[in-house]
Amino acid sequence: MELNFLIKNHSRGKIDKIGFEKIIKRILADKGIGGKIEISLLVCGERTAKKLNQEYRKMSYIPQVLGFPMSKEVDIDGWLRLGDIVVCFKKLKEEMRIYKKTEEQVWEEWLRHGVENLLK
């Protein structure tokens, strides 16, 4: 599998791109998806997450994870552009604290949820 994983970090949290790529590859492999895959990830704050949720889903709360599917078909250049995953970093930290989970555990769960949203 060739993964083009685009990350934008608009939060104050540290981002482990290599760790995320491993998680995404594992999730895609578990789903039986291979080839050339492109996924983008936006890590943002509460204001941006809430704004996106209001604008695109007509919901007024701050979400943990949003998924914006792009395509289920391989483009002419051979790439499957699945779409965008948005994660609210402050919500991630809250989840860790409330449920006594590690950051890696929460990222794994949330990225899996995000990929599943892209595949719907």
# chains A, B, ... in the order shown; residues from 1 in each chain; ligands from 1
call {"tool": "select_by_dssp", "arguments": {"residues": "segment 3-117 of chain A", "states": "helix (DSSP H, G or I)", "output": "PyMOL selection string"}}
result
chain A and resi 17-30+46-57+89-99+103-117
call {"tool": "residues_around", "arguments": {"residues": "Lys50 of chain A", "least_positions_apart": "3", "cutoff": "12 Å", "atoms": "only C-alpha atoms", "output": "PyMOL selection string"}}
result
chain A and resi 44-47+53-66+86-88+90-91
call {"tool": "residues_around", "arguments": {"residues": "Ile18 of chain A", "least_positions_apart": "4", "cutoff": "12 Å", "atoms": "only C-alpha atoms", "output": "PyMOL selection string"}}
result
chain A and resi 3-7+22-25
call {"tool": "closest_residue", "arguments": {"among": "A:Pro69, A:Gly32, A:Gly114, A:Gly19", "to": "Leu82 of chain A", "atoms": "only C-alpha atoms"}}
result
A:Pro69
call {"tool": "residues_around", "arguments": {"residues": "His113 of chain A", "least_positions_apart": "6", "cutoff": "10 Å", "atoms": "only C-alpha atoms", "output": "JSON, numbers by chain"}}
result
{"A": [27, 65, 66, 67, 85, 107, 119]}
call {"tool": "atom_distance", "arguments": {"atom1": "atom CA of Ile37 of chain A", "atom2": "atom CA of Lys120 of chain A"}}
result
15.9 Å
call {"tool": "atom_distance", "arguments": {"atom1": "atom CA of Gly83 of chain A", "atom2": "atom CA of Arg12 of chain A"}}
result
23.5 Å
call {"tool": "atom_distance", "arguments": {"atom1": "atom CA of Glu103 of chain A", "atom2": "atom CA of Glu2 of chain A"}}
result
25.5 Å
call {"tool": "closest_residue", "arguments": {"among": "A:Trp79, A:Phe89, A:Trp110, A:Phe68", "to": "Phe20 of chain A", "atoms": "only C-alpha atoms"}}
result
A:Trp110
call {"tool": "select_by_dssp", "arguments": {"residues": "segment 30-118 of chain A", "states": "strand (DSSP E)", "output": "list in words"}}
result
Lys36, Ile37, Glu38, Ile39, Ser40, Leu41, Leu42, Val43, Cys44, Val65, Leu66, Gly67, Phe68, Pro69, Trp79, Leu80, Arg81, Leu82, Gly83, Asp84, Ile85, Val86, Val87 and Cys88 of chain A
call {"tool": "write_last_selection", "arguments": {"atoms": "N, CA and C atoms", "output": "tab-separated table (two decimals), in the first residue's frame"}}
result
chain	number	residue	atom	x	y	z
A	36	LYS	N	-3.02	2.72	-3.91
A	36	LYS	CA	-2.61	4.09	-3.63
A	36	LYS	C	-3.77	4.82	-2.97
A	37	ILE	N	-3.58	5.20	-1.73
A	37	ILE	CA	-4.66	5.80	-0.94
A	37	ILE	C	-4.22	7.19	-0.46
A	38	GLU	N	-5.14	8.14	-0.56
A	38	GLU	CA	-4.89	9.47	-0.03
A	38	GLU	C	-5.96	9.82	1.00
A	39	ILE	N	-5.51	10.27	2.16
A	39	ILE	CA	-6.39	10.70	3.24
A	39	ILE	C	-5.77	11.95	3.84
A	40	SER	N	-6.61	12.91	4.20
A	40	SER	CA	-6.08	14.07	4.90
A	40	SER	C	-6.66	14.12	6.31
A	41	LEU	N	-5.88	14.70	7.21
A	41	LEU	CA	-6.27	14.84	8.60
A	41	LEU	C	-6.08	16.29	9.02
A	42	LEU	N	-7.11	16.86	9.59
A	42	LEU	CA	-7.04	18.19	10.19
A	42	LEU	C	-7.22	18.02	11.69
A	43	VAL	N	-6.23	18.44	12.46
A	43	VAL	CA	-6.33	18.45	13.91
A	43	VAL	C	-6.58	19.90	14.29
A	44	CYS	N	-7.69	20.14	14.96
A	44	CYS	CA	-8.11	21.52	15.18
A	44	CYS	C	-8.59	21.73	16.61
A	65	VAL	N	-14.81	13.71	16.25
A	65	VAL	CA	-14.28	13.33	14.94
A	65	VAL	C	-15.34	13.62	13.88
A	66	LEU	N	-14.90	14.18	12.76
A	66	LEU	CA	-15.76	14.36	11.60
A	66	LEU	C	-15.08	13.69	10.40
A	67	GLY	N	-15.87	13.14	9.51
A	67	GLY	CA	-15.35	12.55	8.29
A	67	GLY	C	-16.04	13.17	7.09
A	68	PHE	N	-15.24	13.56	6.11
A	68	PHE	CA	-15.78	14.14	4.88
A	68	PHE	C	-15.32	13.28	3.71
A	69	PRO	N	-16.16	12.31	3.31
A	69	PRO	CA	-15.78	11.41	2.21
A	69	PRO	C	-15.58	12.18	0.91
A	79	TRP	N	-4.92	6.85	-7.88
A	79	TRP	CA	-5.08	7.14	-6.45
A	79	TRP	C	-6.55	7.10	-6.04
A	80	LEU	N	-6.80	6.50	-4.89
A	80	LEU	CA	-8.12	6.54	-4.27
A	80	LEU	C	-8.07	7.62	-3.19
A	81	ARG	N	-8.76	8.70	-3.43
A	81	ARG	CA	-8.79	9.82	-2.49
A	81	ARG	C	-10.02	9.68	-1.61
A	82	LEU	N	-9.79	9.09	-0.42
A	82	LEU	CA	-10.91	8.77	0.47
A	82	LEU	C	-11.57	10.00	1.08
A	83	GLY	N	-10.79	11.01	1.42
A	83	GLY	CA	-11.39	12.22	1.98
A	83	GLY	C	-10.63	12.76	3.17
A	84	ASP	N	-11.37	13.52	3.99
A	84	ASP	CA	-10.77	14.27	5.09
A	84	ASP	C	-11.34	13.82	6.43
A	85	ILE	N	-10.46	13.70	7.40
A	85	ILE	CA	-10.84	13.42	8.78
A	85	ILE	C	-10.48	14.65	9.60
A	86	VAL	N	-11.40	15.07	10.45
A	86	VAL	CA	-11.17	16.22	11.33
A	86	VAL	C	-11.27	15.73	12.77
A	87	VAL	N	-10.26	16.06	13.58
A	87	VAL	CA	-10.23	15.67	14.98
A	87	VAL	C	-10.06	16.91	15.85
A	88	CYS	N	-10.89	17.03	16.86
A	88	CYS	CA	-10.78	18.13	17.83
A	88	CYS	C	-9.80	17.68	18.92
call {"tool": "closest_residue", "arguments": {"among": "A:His10, A:Lys100, A:Lys93, A:Arg112", "to": "Ala49 of chain A", "atoms": "only C-alpha atoms"}}
result
A:His10
